[in-house]
Amino acid sequence: MTTPTREGNLDAPTRHPLDWNNPDFYNETSVFHEMERAFDICHGCRRCVSLCQSFPTLFDLVDASPTLEVDGIDKADYWKVVDHCYLCDLCYMTKCPYVPPHPWNLDFPHLMLRAKAVKFKNEAPLLRDTILTNTDAVGRLAGIPVVAQTINAMNKIKPARKALQAVAGIHADAWLPEFHSRPLRNRLDTLPNDTVGIAAGRTTGKVALFATCYMNRNEPGPGEDLAAVFAHNGIPITIAEKERCCGMPKLELGDLEAVRAAKEFNIPVLAKLVDAGWDLTALIPSCVLMFKQELPLMFPDDPDVIKVKNAFYDPFEYLMLRHKAGALKTDFPVALGKVAYHAACHQRVQNIGPKTKELLQLIPGTEVDSIERCSGHDGTYAVKKEFHAYAMKIVKPVVNRVNQAQPDHYGSDCAMAGHHIAHARADGSGPEHPITLIRKAYGL
């Protein structure tokens, strides 16, 4: 094993486009060869052992192998490493010294994505995984008034949850979101497309919201809070005329053709809004990352994808850009006290800096304890029977930090991560989304 070195990798990481239209991309022999190469590098480094369960799984396999090296691992066990990767990107963006332009050219998340795509192509996915990643269909069905009430009630009954675990592989102890029969898209008034915004910095001053599956059907409250905060700052907000899931759940499943279908539905709608002068945002960091990074890496030659990428902002990034240009109101009459803030992985890897923390710190009488560690939820990982225990292990250091802080408020940019943290705390407390805290600080 060559001794790891950082030499030649002093430049910023460079993300290469995903070569998913190349026939070799789906060649199982080729992907196993690349995994062996990457795993050998990771084994010699081991810096990412604390990030997720993929790396402890890999290193345990090495340490239990007859050679004590990667060449001693049964290649069938490579899938154990792949299955634990939920594409948070933290290894690439925060830990790995061998990412491009380093000559070793290691992109662990995209290698795991490639392996997932090979597996999806060669094996039918579990029915559970197909259903969990069909967020639009699930939301439409579960959003029917009587159905929503029934599902929400059944999810609180222990025998029903045990039956669900036995039949569907959804862990009986995992937190599950509620469903709302009145979605976010019906709660926000759509503004006419000739609305004029006041530009500041590189923002146009008017924003179109991509509602997202989760905020639309499961937790519309923060979406209403965002609208109130933006309105307070004189920023007109509209909502995309129509939308489908951004494609992130299907990406994590390895179903790249489904990602393409979602892109072909969403991008024309969003590009039309950009042409009309609207900036774009979403309250789920994974959805923002999908439009800012994953789709551009899959479709680098699509001009509308790039147009949408350049107009898409994390909501706190957007507000702080306005603040930098002197266009954000800082009349916060309500102090928040101590806030334990969990920085979501898919926001951290956007290379925008800690914008949520910076905005919260503008509030007088507010102390922010920022926790930069994965919660282990990932939308579906934490609810699956075979992974729930690992998700609870991953979130434990986050919970310890929240408990040590004894905060007046706590939450995450990722609403699901916030609920996972609350579930692990198990003290009856509940998370508050940072945009909800901003609204509260404004006294709105």
# chains A, B, ... in the order shown; residues from 1 in each chain; ligands from 1
>>> residues_around(residues="Arg439 (chain A)", least_positions_apart="3", cutoff="8 Å", atoms="only C-alpha atoms", output="PyMOL selection string")
chain A and resi 225-226+228-229+435-436+442-444
>>> residues_around(residues="Thr57 (chain A)", least_positions_apart="3", cutoff="8 Å", atoms="only C-alpha atoms", output="list in words")
Gln53, Ser54, Asp60, Leu61, Lys80 and Val81 of chain A
>>> select_by_dssp(residues="region 156-299 of chain A", states="strand (DSSP E)", output="ChimeraX atom specification")
/A:207-209,237-239,279-281
>>> write_last_selection(atoms="N, CA and C atoms", output="mmCIF file, in the first residue's frame")
data_model
loop_
_atom_site.group_PDB
_atom_site.id
_atom_site.type_symbol
_atom_site.label_atom_id
_atom_site.label_comp_id
_atom_site.auth_asym_id
_atom_site.auth_seq_id
_atom_site.Cartn_x
_atom_site.Cartn_y
_atom_site.Cartn_z
ATOM 1 N N VAL A 207 -38.407 35.799 -5.480
ATOM 2 C CA VAL A 207 -38.014 34.402 -5.336
ATOM 3 C C VAL A 207 -39.176 33.464 -5.637
ATOM 4 N N ALA A 208 -38.877 32.431 -6.421
ATOM 5 C CA ALA A 208 -39.829 31.348 -6.661
ATOM 6 C C ALA A 208 -39.430 30.162 -5.792
ATOM 7 N N LEU A 209 -40.375 29.651 -5.035
ATOM 8 C CA LEU A 209 -40.126 28.554 -4.101
ATOM 9 C C LEU A 209 -40.438 27.214 -4.755
ATOM 10 N N ILE A 237 -42.591 36.570 -3.222
ATOM 11 C CA ILE A 237 -42.369 35.138 -3.360
ATOM 12 C C ILE A 237 -43.533 34.514 -4.111
ATOM 13 N N THR A 238 -43.193 33.651 -5.034
ATOM 14 C CA THR A 238 -44.194 32.868 -5.748
ATOM 15 C C THR A 238 -43.846 31.402 -5.568
ATOM 16 N N ILE A 239 -44.631 30.535 -6.158
ATOM 17 C CA ILE A 239 -44.357 29.104 -6.070
ATOM 18 C C ILE A 239 -44.367 28.545 -7.479
ATOM 19 N N ASP A 279 -35.401 34.472 -8.845
ATOM 20 C CA ASP A 279 -34.433 33.585 -8.235
ATOM 21 C C ASP A 279 -35.187 32.365 -7.707
ATOM 22 N N LEU A 280 -34.453 31.310 -7.355
ATOM 23 C CA LEU A 280 -35.067 30.053 -6.936
ATOM 24 C C LEU A 280 -34.546 29.633 -5.571
ATOM 25 N N THR A 281 -35.405 28.983 -4.791
ATOM 26 C CA THR A 281 -34.967 28.447 -3.502
ATOM 27 C C THR A 281 -35.839 27.266 -3.121
#
>>> select_by_dssp(residues="region 62-195 of chain A", states="helix (DSSP H, G or I)", output="VMD selection string")
chain A and resid 62 to 64 70 to 72 75 to 84 90 to 95 108 to 122 127 to 133 135 to 142 145 to 154 158 to 168 184 to 187
>>> closest_residue(among="A:Ala262, A:Leu328, A:Ile131, A:Ala174", to="Phe387 (chain A)", atoms="only C-alpha atoms")
A:Ala174
>>> closest_atom_pairs(of="region 103-155 of chain A", to="region 295-302 of chain A", cutoff="12 Å", atoms="only C-alpha atoms", output="CSV")
residue,atom,partner,partner_atom,distance
A:His110,CA,A:Leu297,CA,10.3
A:Leu113,CA,A:Met298,CA,11.6
A:Arg114,CA,A:Met298,CA,11.8
>>> residues_around(residues="Tyr78 (chain A)", least_positions_apart="2", cutoff="10 Å", atoms="only C-alpha atoms", output="VMD selection string")
chain A and resid 32 35 to 36 39 54 57 to 58 61 73 to 76 80 to 83 115
>>> residues_around(residues="Met320 (chain A)", least_positions_apart="6", cutoff="12 Å", atoms="only C-alpha atoms", output="JSON, numbers by chain")
{"A": [200, 201, 202, 203, 233, 313, 314, 326, 327, 328, 329, 330, 352, 353, 354, 355, 356, 357, 358, 359, 360, 361, 362]}
>>> write_last_selection(atoms="C-alpha atoms", output="CSV table (one decimal), in the first residue's frame")
chain,number,residue,atom,x,y,z
A,200,ALA,CA,-29.4,43.5,-4.1
A,201,GLY,CA,-26.0,42.1,-4.8
A,202,ARG,CA,-26.5,39.2,-7.2
A,203,THR,CA,-30.1,38.6,-6.1
A,233,ASN,CA,-38.0,41.9,3.9
A,313,TYR,CA,-30.0,29.5,-3.6
A,314,ASP,CA,-30.2,28.0,-0.2
A,326,GLY,CA,-27.6,46.2,3.0
A,327,ALA,CA,-31.1,44.9,2.0
A,328,LEU,CA,-32.0,42.7,5.0
A,329,LYS,CA,-34.0,44.0,8.0
A,330,THR,CA,-32.3,43.3,11.3
A,352,ILE,CA,-21.7,28.6,0.8
A,353,GLY,CA,-20.4,28.8,4.4
A,354,PRO,CA,-22.5,28.6,7.6
A,355,LYS,CA,-25.2,31.0,6.4
A,356,THR,CA,-27.9,29.8,8.8
A,357,LYS,CA,-25.6,30.3,11.7
A,358,GLU,CA,-24.6,33.7,10.5
A,359,LEU,CA,-28.2,34.8,10.2
A,360,LEU,CA,-29.2,33.5,13.6
A,361,GLN,CA,-26.2,35.3,15.1
A,362,LEU,CA,-27.6,38.6,13.9
>>> atom_distance(atom1="CA of Gly221 (chain A)", atom2="CA of His433 (chain A)")
9.3 Å
>>> atom_distance(atom1="CA of Leu106 (chain A)", atom2="CA of Leu18 (chain A)")
13.1 Å
>>> residues_around(residues="Ala261 (chain A)", least_positions_apart="5", cutoff="9 Å", atoms="only C-alpha atoms", output="PyMOL selection string")
chain A and resi 247+256+266
>>> atom_distance(atom1="CA of Gly254 (chain A)", atom2="CA of Ala311 (chain A)")
26.6 Å
>>> residues_around(residues="Gly430 (chain A)", least_positions_apart="4", cutoff="9 Å", atoms="only C-alpha atoms", output="number ranges by chain")
A: 409-411, 418-419, 421-423
>>> closest_residue(among="A:Asp378, A:Asp24, A:Asp40, A:Asp77", to="Phe108 (chain A)", atoms="only C-alpha atoms")
A:Asp40
>>> closest_atom_pairs(of="region 164-192 of chain A", to="region 389-406 of chain A", cutoff="12 Å", atoms="only C-alpha atoms", output="JSON lines")
{"residue": "A:His171", "atom": "CA", "partner": "A:Ala389", "partner_atom": "CA", "distance": 9.3}
{"residue": "A:Ala172", "atom": "CA", "partner": "A:Ala389", "partner_atom": "CA", "distance": 11.3}
{"residue": "A:Asp173", "atom": "CA", "partner": "A:Ala389", "partner_atom": "CA", "distance": 9.6}
{"residue": "A:Ala174", "atom": "CA", "partner": "A:Met392", "partner_atom": "CA", "distance": 9.2}
{"residue": "A:Trp175", "atom": "CA", "partner": "A:Met392", "partner_atom": "CA", "distance": 10.9}
>>> residues_around(residues="Ala153 (chain A)", least_positions_apart="5", cutoff="12 Å", atoms="only C-alpha atoms", output="ChimeraX atom specification")
/A:146-148,158,160-161,176-179
>>> write_last_selection(atoms="N, CA and C atoms", output="mmCIF file, in the first residue's frame")
data_model
loop_
_atom_site.group_PDB
_atom_site.id
_atom_site.type_symbol
_atom_site.label_atom_id
_atom_site.label_comp_id
_atom_site.auth_asym_id
_atom_site.auth_seq_id
_atom_site.Cartn_x
_atom_site.Cartn_y
_atom_site.Cartn_z
ATOM 1 N N VAL A 146 -59.067 11.817 4.754
ATOM 2 C CA VAL A 146 -59.317 10.692 5.654
ATOM 3 C C VAL A 146 -58.106 9.770 5.727
ATOM 4 N N VAL A 147 -57.437 9.576 4.599
ATOM 5 C CA VAL A 147 -56.249 8.720 4.564
ATOM 6 C C VAL A 147 -55.140 9.312 5.427
ATOM 7 N N ALA A 148 -54.927 10.622 5.324
ATOM 8 C CA ALA A 148 -53.880 11.281 6.119
ATOM 9 C C ALA A 148 -54.127 11.084 7.606
ATOM 10 N N LYS A 158 -48.243 1.167 18.502
ATOM 11 C CA LYS A 158 -47.097 0.255 18.510
ATOM 12 C C LYS A 158 -47.366 -1.053 17.778
ATOM 13 N N ALA A 160 -49.342 -1.642 15.353
ATOM 14 C CA ALA A 160 -49.407 -1.353 13.919
ATOM 15 C C ALA A 160 -48.006 -1.131 13.363
ATOM 16 N N ARG A 161 -47.149 -0.476 14.139
ATOM 17 C CA ARG A 161 -45.780 -0.235 13.685
ATOM 18 C C ARG A 161 -44.993 -1.542 13.607
ATOM 19 N N LEU A 176 -41.509 8.657 12.008
ATOM 20 C CA LEU A 176 -42.116 8.792 10.683
ATOM 21 C C LEU A 176 -42.846 10.127 10.616
ATOM 22 N N PRO A 177 -42.760 10.823 9.503
ATOM 23 C CA PRO A 177 -43.416 12.133 9.392
ATOM 24 C C PRO A 177 -44.926 12.000 9.281
ATOM 25 N N GLU A 178 -45.605 13.047 9.713
ATOM 26 C CA GLU A 178 -47.047 13.106 9.524
ATOM 27 C C GLU A 178 -47.363 13.595 8.114
ATOM 28 N N PHE A 179 -48.597 13.370 7.688
ATOM 29 C CA PHE A 179 -49.060 13.859 6.386
ATOM 30 C C PHE A 179 -50.155 14.898 6.595
#
>>> closest_residue(among="A:Thr150, A:Asn134, A:Asn27, A:Ser370", to="Ser412 (chain A)", atoms="only C-alpha atoms")
A:Ser370
>>> decode(residues="region 76-121 of chain A", atoms="N, CA and C atoms", output="tab-separated table (two decimals), in the first residue's frame")
chain	number	residue	atom	x	y	z
A	76	ALA	N	-18.33	-9.83	-2.92
A	76	ALA	CA	-19.77	-9.78	-2.64
A	76	ALA	C	-20.04	-8.89	-1.42
A	77	ASP	N	-19.04	-8.75	-0.54
A	77	ASP	CA	-19.20	-7.92	0.66
A	77	ASP	C	-19.02	-6.44	0.36
A	78	TYR	N	-18.56	-6.10	-0.84
A	78	TYR	CA	-18.46	-4.68	-1.21
A	78	TYR	C	-19.83	-4.00	-1.11
A	79	TRP	N	-20.88	-4.76	-1.41
A	79	TRP	CA	-22.22	-4.17	-1.38
A	79	TRP	C	-22.62	-3.70	0.01
A	80	LYS	N	-22.03	-4.30	1.05
A	80	LYS	CA	-22.33	-3.85	2.41
A	80	LYS	C	-21.86	-2.41	2.61
A	81	VAL	N	-20.73	-2.08	2.00
A	81	VAL	CA	-20.22	-0.70	2.07
A	81	VAL	C	-21.12	0.23	1.28
A	82	VAL	N	-21.50	-0.21	0.08
A	82	VAL	CA	-22.35	0.60	-0.79
A	82	VAL	C	-23.69	0.90	-0.14
A	83	ASP	N	-24.29	-0.11	0.48
A	83	ASP	CA	-25.63	0.06	1.05
A	83	ASP	C	-25.67	1.06	2.19
A	84	HIS	N	-24.55	1.26	2.86
A	84	HIS	CA	-24.51	2.21	3.98
A	84	HIS	C	-24.24	3.65	3.52
A	85	CYS	N	-23.89	3.84	2.27
A	85	CYS	CA	-23.61	5.20	1.78
A	85	CYS	C	-24.91	5.87	1.36
A	86	TYR	N	-25.21	7.04	1.94
A	86	TYR	CA	-26.41	7.79	1.55
A	86	TYR	C	-26.05	9.10	0.87
A	87	LEU	N	-24.85	9.13	0.28
A	87	LEU	CA	-24.45	10.22	-0.61
A	87	LEU	C	-24.51	11.59	0.06
A	88	CYS	N	-24.06	11.67	1.31
A	88	CYS	CA	-24.06	12.96	2.00
A	88	CYS	C	-22.97	13.87	1.46
A	89	ASP	N	-21.94	13.29	0.83
A	89	ASP	CA	-20.84	14.04	0.21
A	89	ASP	C	-19.83	14.60	1.21
A	90	LEU	N	-20.01	14.34	2.49
A	90	LEU	CA	-19.09	14.93	3.47
A	90	LEU	C	-17.67	14.40	3.30
A	91	CYS	N	-17.53	13.12	2.95
A	91	CYS	CA	-16.17	12.60	2.79
A	91	CYS	C	-15.44	13.36	1.69
A	92	TYR	N	-16.15	13.61	0.59
A	92	TYR	CA	-15.53	14.32	-0.53
A	92	TYR	C	-15.19	15.76	-0.16
A	93	MET	N	-16.13	16.43	0.48
A	93	MET	CA	-15.99	17.88	0.68
A	93	MET	C	-15.26	18.28	1.95
A	94	THR	N	-15.20	17.40	2.95
A	94	THR	CA	-14.64	17.84	4.24
A	94	THR	C	-13.49	16.99	4.75
A	95	LYS	N	-13.27	15.80	4.22
A	95	LYS	CA	-12.28	14.91	4.82
A	95	LYS	C	-11.20	14.42	3.86
A	96	CYS	N	-11.61	14.01	2.67
A	96	CYS	CA	-10.71	13.25	1.80
A	96	CYS	C	-9.61	14.13	1.19
A	97	PRO	N	-8.34	13.77	1.38
A	97	PRO	CA	-7.25	14.55	0.77
A	97	PRO	C	-6.90	14.09	-0.65
A	98	TYR	N	-7.64	13.12	-1.18
A	98	TYR	CA	-7.27	12.53	-2.46
A	98	TYR	C	-8.28	12.79	-3.56
A	99	VAL	N	-9.14	13.77	-3.35
A	99	VAL	CA	-10.11	14.13	-4.38
A	99	VAL	C	-9.40	14.89	-5.50
A	100	PRO	N	-9.99	14.92	-6.71
A	100	PRO	CA	-9.38	15.69	-7.80
A	100	PRO	C	-9.22	17.16	-7.39
A	101	PRO	N	-8.06	17.77	-7.71
A	101	PRO	CA	-7.08	17.38	-8.72
A	101	PRO	C	-5.95	16.47	-8.25
A	102	HIS	N	-6.07	15.84	-7.07
A	102	HIS	CA	-5.04	14.87	-6.68
A	102	HIS	C	-4.98	13.76	-7.73
A	103	PRO	N	-3.79	13.29	-8.06
A	103	PRO	CA	-3.67	12.25	-9.11
A	103	PRO	C	-4.41	10.96	-8.79
A	104	TRP	N	-4.72	10.70	-7.52
A	104	TRP	CA	-5.47	9.49	-7.20
A	104	TRP	C	-6.94	9.62	-7.58
A	105	ASN	N	-7.41	10.85	-7.76
A	105	ASN	CA	-8.72	11.10	-8.36
A	105	ASN	C	-9.83	10.29	-7.68
A	106	LEU	N	-9.95	10.46	-6.36
A	106	LEU	CA	-10.91	9.67	-5.60
A	106	LEU	C	-12.20	10.47	-5.36
A	107	ASP	N	-13.29	9.94	-5.85
A	107	ASP	CA	-14.62	10.51	-5.59
A	107	ASP	C	-15.48	9.40	-5.03
A	108	PHE	N	-15.40	9.20	-3.72
A	108	PHE	CA	-16.08	8.08	-3.07
A	108	PHE	C	-17.60	8.14	-3.25
A	109	PRO	N	-18.25	9.29	-3.05
A	109	PRO	CA	-19.71	9.31	-3.22
A	109	PRO	C	-20.16	8.96	-4.64
A	110	HIS	N	-19.46	9.47	-5.64
A	110	HIS	CA	-19.87	9.15	-7.00
A	110	HIS	C	-19.54	7.70	-7.38
A	111	LEU	N	-18.53	7.12	-6.74
A	111	LEU	CA	-18.27	5.70	-6.94
A	111	LEU	C	-19.40	4.87	-6.32
A	112	MET	N	-19.83	5.27	-5.13
A	112	MET	CA	-20.96	4.56	-4.49
A	112	MET	C	-22.24	4.74	-5.31
A	113	LEU	N	-22.43	5.92	-5.89
A	113	LEU	CA	-23.58	6.15	-6.76
A	113	LEU	C	-23.51	5.25	-7.98
A	114	ARG	N	-22.33	5.13	-8.56
A	114	ARG	CA	-22.17	4.25	-9.71
A	114	ARG	C	-22.51	2.80	-9.33
A	115	ALA	N	-22.03	2.37	-8.17
A	115	ALA	CA	-22.32	1.00	-7.72
A	115	ALA	C	-23.82	0.81	-7.49
A	116	LYS	N	-24.47	1.82	-6.91
A	116	LYS	CA	-25.92	1.73	-6.71
A	116	LYS	C	-26.65	1.63	-8.05
A	117	ALA	N	-26.16	2.38	-9.05
A	117	ALA	CA	-26.78	2.34	-10.38
A	117	ALA	C	-26.61	0.96	-11.01
A	118	VAL	N	-25.44	0.35	-10.84
A	118	VAL	CA	-25.20	-1.00	-11.35
A	118	VAL	C	-26.13	-2.00	-10.67
A	119	LYS	N	-26.25	-1.86	-9.36
A	119	LYS	CA	-27.12	-2.77	-8.61
A	119	LYS	C	-28.57	-2.60	-9.02
A	120	PHE	N	-29.00	-1.36	-9.22
A	120	PHE	CA	-30.38	-1.11	-9.63
A	120	PHE	C	-30.65	-1.70	-11.00
A	121	LYS	N	-29.66	-1.61	-11.87
A	121	LYS	CA	-29.83	-2.13	-13.23
A	121	LYS	C	-29.89	-3.65	-13.26
